[in-house]
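Below: one structure, written as structure tokens.
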Number of protein chains: 2
Amino acid sequence: MSDDNSNEMSLFEAMYSCRAMRRLDTREVAEELLVKLVDAANQAPSGSNMQNARWIVVRDAEVKKKLADLNRIGVEAYIGPMVDNPGELPHQPVDKRRRMMHAVLWQMEHLHELPALIIACMEFGQKVDGAMAAAGSGSIWPGIQNLLLAARALGLGAAPTTLALGNPKAVAEALNLPDTMAAYCLIPVGYPLGKFGPVTRKPVSEIMRFDGWSD
Amino acid sequence: MSDDNSNEMSLFEAMYSCRAMRRLDTREVAEELLVKLVDAANQAPSGSNMQNARWIVVRDAEVKKKLADLNRIGVEAYIGPMVDNPGELPHQPVDKRRRMMHAVLWQMEHLHELPALIIACMEFGQKVDGAMAAAGSGSIWPGIQNLLLAARALGLGAAPTTLALGNPKAVAEALNLPDTMAAYCLIPVGYPLGKFGPVTRKPVSEIMRFDGWSD
């Protein structure tokens with residue numbers, strides 16, 4: 001697979017090499033590319049074609065600092081206790097899982113320095129409640145995936161996280177969200193320090209069945 | 001834009017022409033292509049890399065019939081009252097919205113005849129409750145979007161719907177789901193009767209802001 005950042009990367013190449021890239025350079029990303037990412041996200045489908053996804057691209061140092069502080073609280077609560085004892089999954093041995101956690105911690109330490117933090121939100125046209133926010137997921141995550149794939153095709157690193165968003169009131173304050181909007185995901189974007197490469201997934205035979213589930 | 005179904009369609013072409021295709025031919029889709037769709041879905045990210053998305057491809061006539069019956073109940077409840085009076089959205093005039101609803105009704109009438117109905121599920125490893133199911137959304141919808149994009153690149157029509165899944169117990173029975181699994185989305189797949197073309201979306205200036213939300 002090539003590492004070129006042409007717009008013409010094939011869909012399948014982008015999907016099969018769209019790793020979570022957490023270690024990013026501080027080098028600026030051109031505004032044109034950030035708009036291109038969001039425009040790609042905006043092409044995704046939404047429930048009843050409501051098109052109510054909204055995207056905030058944070059470059060301001062002060063706002064990034066606030067989000068980095070919120071992220072630290074979420075990461076320390078969630079990942080902290082596991083770092084030295086990450087456990088393992090049938091599909092991810094302990095050393096690989098530990099590397100992933102160290103990347104999450106790296107991201108935590110550097111989040112305020114990264115060039116752009118993109119926040120995926122939804123606008124509900126009325127005061128958001130929990131049920132509404134939950135029902136909105138299917139209209140925001142397809143756009144997030146488009147954004148991640150577009151970043152890959154443009155040679156930009158990105159990785160979705162929800163750990164910064166555990167305190168909706170503080171998030172709304174940091175991003176000036178009206179009470180009709182909810183934030184779903186934070187995606188730091190920048191040029192990767194590491195290399196792109198194939199993603200590793202369970203074989204399709206484990207996760208696919210015909211006509212009904214069977215073990 | 002070309003209508004070729006090469007694997008080499010560029011990512012951006014796929015994203016910008018990935019219309020919801022509801023009117024599909026009854027012509028069979030090769031198993032190899034169905035596996036390719038699910039394998040593409042399987043490359044998407046999941047929370048904490050749990051890789052707990054599962055995919056059921058329904059081709060059996062009896063199971064399709066059960067899902068079509070469940071879908072009819074959901075569609076009639078949701079869309080029925082709006083068909084002759086669909087209203088309009090700032091970004092979708094009444095005639096276009098009516099066309100969309102007629103396509104949903106066409107799909108309802110023909111669902112049992114379509115070649116494959118793909119059900120996107122999650123496996124939780126313990127009995128699913130509502131909070132768990134809601135939290136799982138972010139780990140299934142990115143894969144659904146990969147599947148839709150892969151279908152587009154392969155010349156297959158598809159469109160995600162949740163209207164068939166309103167009765168989890170009946171869905172679990174139809175698909176033999178254990179109580180540790182939940183279904184999120186049904187995606188009928190087949191060769192399209194209509195033509196692919198560009199999607200229509202709000203301009204990016206309406207849905208994107210820098211540093212914080214502002215009207």
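Residue numbering restarts at 1 in every chain; chains get A, B, ... in the order shown in the structure tokens, and ligands count up from 1 in that same order.
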
**Request:** Assign secondary structure with DSSP using the backbone only, and return the residues of stretch 74-172 of chain A in helix (DSSP H, G or I) as a ChimeraX atom specification.
**Result:** /A:74-78,80-82,94-113,130-139,141-153,163-165,168-172

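These are the residues of stretch 86-191 of chain B assigned strand (DSSP E) by DSSP from backbone coordinates: Ala116, Leu117, Ile118, Ile119, Ala120, Cys121, Met122, Glu123, Gly157, Ala158, Met181, Ala182, Ala183, Tyr184, Cys185, Leu186, Ile187, Pro188, Val189 and Gly190 of chain B.
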
Taking only residues of chain A that have an atom at most 6 Å from an atom of chain B, what is each one's shortest atom pair and its distance in Å to one decimal, using only C-alpha atoms, in chain and number order, as JSON lines?
{"residue": "A:Glu8", "atom": "CA", "partner": "B:Ser10", "partner_atom": "CA", "distance": 5.1}
{"residue": "A:Met9", "atom": "CA", "partner": "B:Ser10", "partner_atom": "CA", "distance": 5.4}
{"residue": "A:Ser10", "atom": "CA", "partner": "B:Ser10", "partner_atom": "CA", "distance": 4.0}
{"residue": "A:Leu11", "atom": "CA", "partner": "B:Leu11", "partner_atom": "CA", "distance": 3.9}
{"residue": "A:Asp39", "atom": "CA", "partner": "B:Val204", "partner_atom": "CA", "distance": 5.8}
{"residue": "A:Arg54", "atom": "CA", "partner": "B:Ile207", "partner_atom": "CA", "distance": 4.8}
{"residue": "A:Trp55", "atom": "CA", "partner": "B:Met208", "partner_atom": "CA", "distance": 4.8}
{"residue": "A:Ile56", "atom": "CA", "partner": "B:Arg209", "partner_atom": "CA", "distance": 4.9}
{"residue": "A:Val57", "atom": "CA", "partner": "B:Phe210", "partner_atom": "CA", "distance": 4.7}
{"residue": "A:Val58", "atom": "CA", "partner": "B:Asp211", "partner_atom": "CA", "distance": 4.1}
{"residue": "A:Asp60", "atom": "CA", "partner": "B:Asp211", "partner_atom": "CA", "distance": 6.0}
{"residue": "A:Ala134", "atom": "CA", "partner": "B:Ala134", "partner_atom": "CA", "distance": 5.8}
{"residue": "A:Trp141", "atom": "CA", "partner": "B:Trp141", "partner_atom": "CA", "distance": 5.6}
{"residue": "A:Pro142", "atom": "CA", "partner": "B:Gln145", "partner_atom": "CA", "distance": 5.1}
{"residue": "A:Gln145", "atom": "CA", "partner": "B:Pro142", "partner_atom": "CA", "distance": 5.1}
{"residue": "A:Leu175", "atom": "CA", "partner": "B:Gly212", "partner_atom": "CA", "distance": 4.3}
{"residue": "A:Asn176", "atom": "CA", "partner": "B:Gly212", "partner_atom": "CA", "distance": 5.4}
{"residue": "A:Leu177", "atom": "CA", "partner": "B:Trp213", "partner_atom": "CA", "distance": 5.7}
{"residue": "A:Val204", "atom": "CA", "partner": "B:Asp39", "partner_atom": "CA", "distance": 5.8}
{"residue": "A:Ile207", "atom": "CA", "partner": "B:Arg54", "partner_atom": "CA", "distance": 4.8}
{"residue": "A:Met208", "atom": "CA", "partner": "B:Trp55", "partner_atom": "CA", "distance": 4.8}
{"residue": "A:Arg209", "atom": "CA", "partner": "B:Ile56", "partner_atom": "CA", "distance": 4.9}
{"residue": "A:Phe210", "atom": "CA", "partner": "B:Val57", "partner_atom": "CA", "distance": 4.7}
{"residue": "A:Asp211", "atom": "CA", "partner": "B:Val58", "partner_atom": "CA", "distance": 4.1}
{"residue": "A:Gly212", "atom": "CA", "partner": "B:Leu175", "partner_atom": "CA", "distance": 4.2}
{"residue": "A:Trp213", "atom": "CA", "partner": "B:Asn176", "partner_atom": "CA", "distance": 5.4}

Resulting file, chosen residues, N, CA and C atoms, as a JSON list (two decimals), in the first residue's frame:
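Now in selection_8.json:
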[["chain", "number", "residue", "atom", "x", "y", "z"],
["A", 8, "GLU", "N", -7.01, 10.63, -4.72],
["A", 8, "GLU", "CA", -7.47, 9.52, -5.54],
["A", 8, "GLU", "C", -7.21, 8.18, -4.88],
["A", 9, "MET", "N", -6.88, 8.19, -3.60],
["A", 9, "MET", "CA", -6.72, 6.91, -2.92],
["A", 9, "MET", "C", -8.02, 6.13, -3.05],
["A", 10, "SER", "N", -7.90, 4.83, -3.32],
["A", 10, "SER", "CA", -9.12, 4.05, -3.50],
["A", 10, "SER", "C", -9.82, 3.88, -2.15],
["A", 11, "LEU", "N", -11.13, 3.72, -2.24],
["A", 11, "LEU", "CA", -11.93, 3.52, -1.03],
["A", 11, "LEU", "C", -11.39, 2.37, -0.21],
["A", 39, "ASP", "N", -16.39, 18.58, 5.05],
["A", 39, "ASP", "CA", -17.29, 18.43, 3.90],
["A", 39, "ASP", "C", -17.51, 16.94, 3.59],
["A", 54, "ARG", "N", -23.31, 18.59, 13.14],
["A", 54, "ARG", "CA", -22.56, 19.85, 13.14],
["A", 54, "ARG", "C", -21.14, 19.58, 13.57],
["A", 55, "TRP", "N", -20.20, 20.38, 13.08],
["A", 55, "TRP", "CA", -18.78, 20.10, 13.28],
["A", 55, "TRP", "C", -18.05, 21.36, 13.72],
["A", 56, "ILE", "N", -17.35, 21.24, 14.82],
["A", 56, "ILE", "CA", -16.57, 22.38, 15.33],
["A", 56, "ILE", "C", -15.09, 22.03, 15.25],
["A", 57, "VAL", "N", -14.34, 22.87, 14.56],
["A", 57, "VAL", "CA", -12.90, 22.64, 14.40],
["A", 57, "VAL", "C", -12.16, 23.61, 15.32],
["A", 58, "VAL", "N", -11.55, 23.06, 16.35],
["A", 58, "VAL", "CA", -10.90, 23.90, 17.36],
["A", 58, "VAL", "C", -9.41, 24.03, 17.07],
["A", 60, "ASP", "N", -8.01, 27.28, 18.35],
["A", 60, "ASP", "CA", -7.70, 28.28, 19.37],
["A", 60, "ASP", "C", -7.04, 27.62, 20.59],
["A", 134, "ALA", "N", -29.13, 9.76, 22.58],
["A", 134, "ALA", "CA", -28.84, 8.36, 22.24],
["A", 134, "ALA", "C", -29.35, 8.04, 20.85],
["A", 141, "TRP", "N", -22.26, 9.12, 13.74],
["A", 141, "TRP", "CA", -21.10, 8.24, 13.58],
["A", 141, "TRP", "C", -20.78, 7.91, 12.12],
["A", 142, "PRO", "N", -21.75, 7.81, 11.22],
["A", 142, "PRO", "CA", -21.37, 7.63, 9.82],
["A", 142, "PRO", "C", -20.52, 8.79, 9.29],
["A", 145, "GLN", "N", -16.99, 8.47, 10.59],
["A", 145, "GLN", "CA", -16.22, 7.50, 9.81],
["A", 145, "GLN", "C", -15.78, 8.11, 8.47],
["A", 175, "LEU", "N", -17.32, 24.97, 24.28],
["A", 175, "LEU", "CA", -17.57, 25.09, 22.84],
["A", 175, "LEU", "C", -18.73, 26.02, 22.50],
["A", 176, "ASN", "N", -19.26, 26.69, 23.52],
["A", 176, "ASN", "CA", -20.39, 27.60, 23.30],
["A", 176, "ASN", "C", -21.59, 26.90, 22.66],
["A", 177, "LEU", "N", -21.83, 25.66, 23.06],
["A", 177, "LEU", "CA", -22.97, 24.92, 22.50],
["A", 177, "LEU", "C", -24.27, 25.40, 23.11],
["A", 204, "VAL", "N", -13.21, -12.39, 9.12],
["A", 204, "VAL", "CA", -14.63, -12.21, 8.83],
["A", 204, "VAL", "C", -15.44, -13.44, 9.24],
["A", 207, "ILE", "N", -17.13, -12.97, 12.56],
["A", 207, "ILE", "CA", -18.06, -11.87, 12.84],
["A", 207, "ILE", "C", -19.23, -11.83, 11.85],
["A", 208, "MET", "N", -19.33, -12.82, 10.98],
["A", 208, "MET", "CA", -20.39, -12.85, 9.96],
["A", 208, "MET", "C", -21.09, -14.19, 9.94],
["A", 209, "ARG", "N", -22.42, -14.16, 9.81],
["A", 209, "ARG", "CA", -23.20, -15.39, 9.64],
["A", 209, "ARG", "C", -24.25, -15.16, 8.57],
["A", 210, "PHE", "N", -24.75, -16.25, 8.00],
["A", 210, "PHE", "CA", -25.88, -16.15, 7.07],
["A", 210, "PHE", "C", -27.18, -16.53, 7.78],
["A", 211, "ASP", "N", -28.20, -15.72, 7.55],
["A", 211, "ASP", "CA", -29.61, -16.03, 7.89],
["A", 211, "ASP", "C", -29.98, -15.99, 9.37],
["A", 212, "GLY", "N", -29.03, -16.12, 10.26],
["A", 212, "GLY", "CA", -29.33, -16.03, 11.68],
["A", 212, "GLY", "C", -28.02, -16.25, 12.43],
["A", 213, "TRP", "N", -27.96, -15.84, 13.70],
["A", 213, "TRP", "CA", -26.69, -16.01, 14.41],
["A", 213, "TRP", "C", -26.50, -17.46, 14.82]]

Which residues, written as a tab-separated table (two decimals) with N, CA and C atoms, in the first residue's frame, have at least one atom at most 12 Å from A:Met108, with only C-alpha atoms counted and residues fewer than 4 positions away on the same chain left out?
chain	number	residue	atom	x	y	z
A	22	ARG	N	-2.69	8.36	16.85
A	22	ARG	CA	-2.81	9.24	18.02
A	22	ARG	C	-1.60	10.16	18.20
A	23	ARG	N	-0.43	9.69	17.77
A	23	ARG	CA	0.77	10.52	17.92
A	23	ARG	C	0.88	11.40	16.68
A	24	LEU	N	0.65	12.70	16.89
A	24	LEU	CA	0.59	13.64	15.76
A	24	LEU	C	1.61	14.76	15.93
A	64	LYS	N	-8.55	24.68	23.08
A	64	LYS	CA	-7.86	23.38	23.08
A	64	LYS	C	-7.44	23.01	24.50
A	65	LYS	N	-6.95	24.00	25.24
A	65	LYS	CA	-6.54	23.74	26.62
A	65	LYS	C	-7.72	23.23	27.46
A	67	LEU	N	-10.39	21.66	26.43
A	67	LEU	CA	-10.74	20.29	26.01
A	67	LEU	C	-9.69	19.29	26.50
A	68	ALA	N	-8.42	19.71	26.47
A	68	ALA	CA	-7.35	18.83	26.94
A	68	ALA	C	-7.52	18.53	28.43
A	69	ASP	N	-7.95	19.53	29.19
A	69	ASP	CA	-8.18	19.32	30.63
A	69	ASP	C	-9.34	18.34	30.84
A	70	LEU	N	-10.41	18.50	30.08
A	70	LEU	CA	-11.54	17.59	30.20
A	70	LEU	C	-11.14	16.17	29.78
A	71	ASN	N	-10.33	16.10	28.74
A	71	ASN	CA	-9.89	14.79	28.26
A	71	ASN	C	-9.04	14.08	29.32
A	72	ARG	N	-8.19	14.86	30.01
A	72	ARG	CA	-7.33	14.27	31.03
A	72	ARG	C	-8.17	13.60	32.12
A	73	ILE	N	-9.23	14.28	32.52
A	73	ILE	CA	-10.10	13.71	33.55
A	73	ILE	C	-10.69	12.38	33.07
A	74	GLY	N	-11.19	12.37	31.81
A	74	GLY	CA	-11.79	11.15	31.26
A	74	GLY	C	-10.79	10.03	31.09
A	75	VAL	N	-9.60	10.36	30.59
A	75	VAL	CA	-8.58	9.33	30.36
A	75	VAL	C	-8.09	8.75	31.68
A	76	GLU	N	-7.83	9.64	32.63
A	76	GLU	CA	-7.31	9.13	33.92
A	76	GLU	C	-8.31	8.21	34.60
A	79	ILE	N	-8.64	4.96	31.67
A	79	ILE	CA	-7.47	4.19	31.26
A	79	ILE	C	-6.48	4.04	32.42
A	80	GLY	N	-6.40	5.06	33.25
A	80	GLY	CA	-5.40	5.11	34.31
A	80	GLY	C	-5.16	3.78	35.00
A	101	MET	N	-2.65	1.77	24.90
A	101	MET	CA	-2.89	2.64	26.06
A	101	MET	C	-1.83	3.71	26.20
A	102	HIS	N	-0.59	3.35	25.89
A	102	HIS	CA	0.45	4.37	25.95
A	102	HIS	C	0.21	5.46	24.90
A	103	ALA	N	-0.33	5.07	23.76
A	103	ALA	CA	-0.66	6.07	22.74
A	103	ALA	C	-1.78	6.98	23.23
A	104	VAL	N	-2.75	6.41	23.94
A	104	VAL	CA	-3.83	7.23	24.50
A	104	VAL	C	-3.26	8.21	25.53
A	112	HIS	N	-3.43	19.49	23.80
A	112	HIS	CA	-3.51	20.95	23.63
A	112	HIS	C	-2.54	21.47	22.58
A	113	GLU	N	-1.54	20.65	22.21
A	113	GLU	CA	-0.55	21.10	21.21
A	113	GLU	C	-0.90	20.67	19.80
A	114	LEU	N	-1.88	19.80	19.66
A	114	LEU	CA	-2.18	19.26	18.33
A	114	LEU	C	-2.88	20.33	17.48
A	161	THR	N	-12.25	9.82	19.85
A	161	THR	CA	-12.34	9.52	21.28
A	161	THR	C	-13.56	10.19	21.89
A	163	LEU	N	-13.65	10.20	25.40
A	163	LEU	CA	-13.27	10.35	26.81
A	163	LEU	C	-13.26	11.80	27.28
A	164	ALA	N	-13.14	12.74	26.34
A	164	ALA	CA	-13.12	14.16	26.72
A	164	ALA	C	-14.53	14.70	26.98
A	188	PRO	N	-8.85	14.44	17.21
A	188	PRO	CA	-7.65	15.24	16.95
A	188	PRO	C	-7.12	14.92	15.55

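Our summary of the geometry notes that atom CA of B:Val189 is positioned 16.2 Å from atom CA of B:Leu105.
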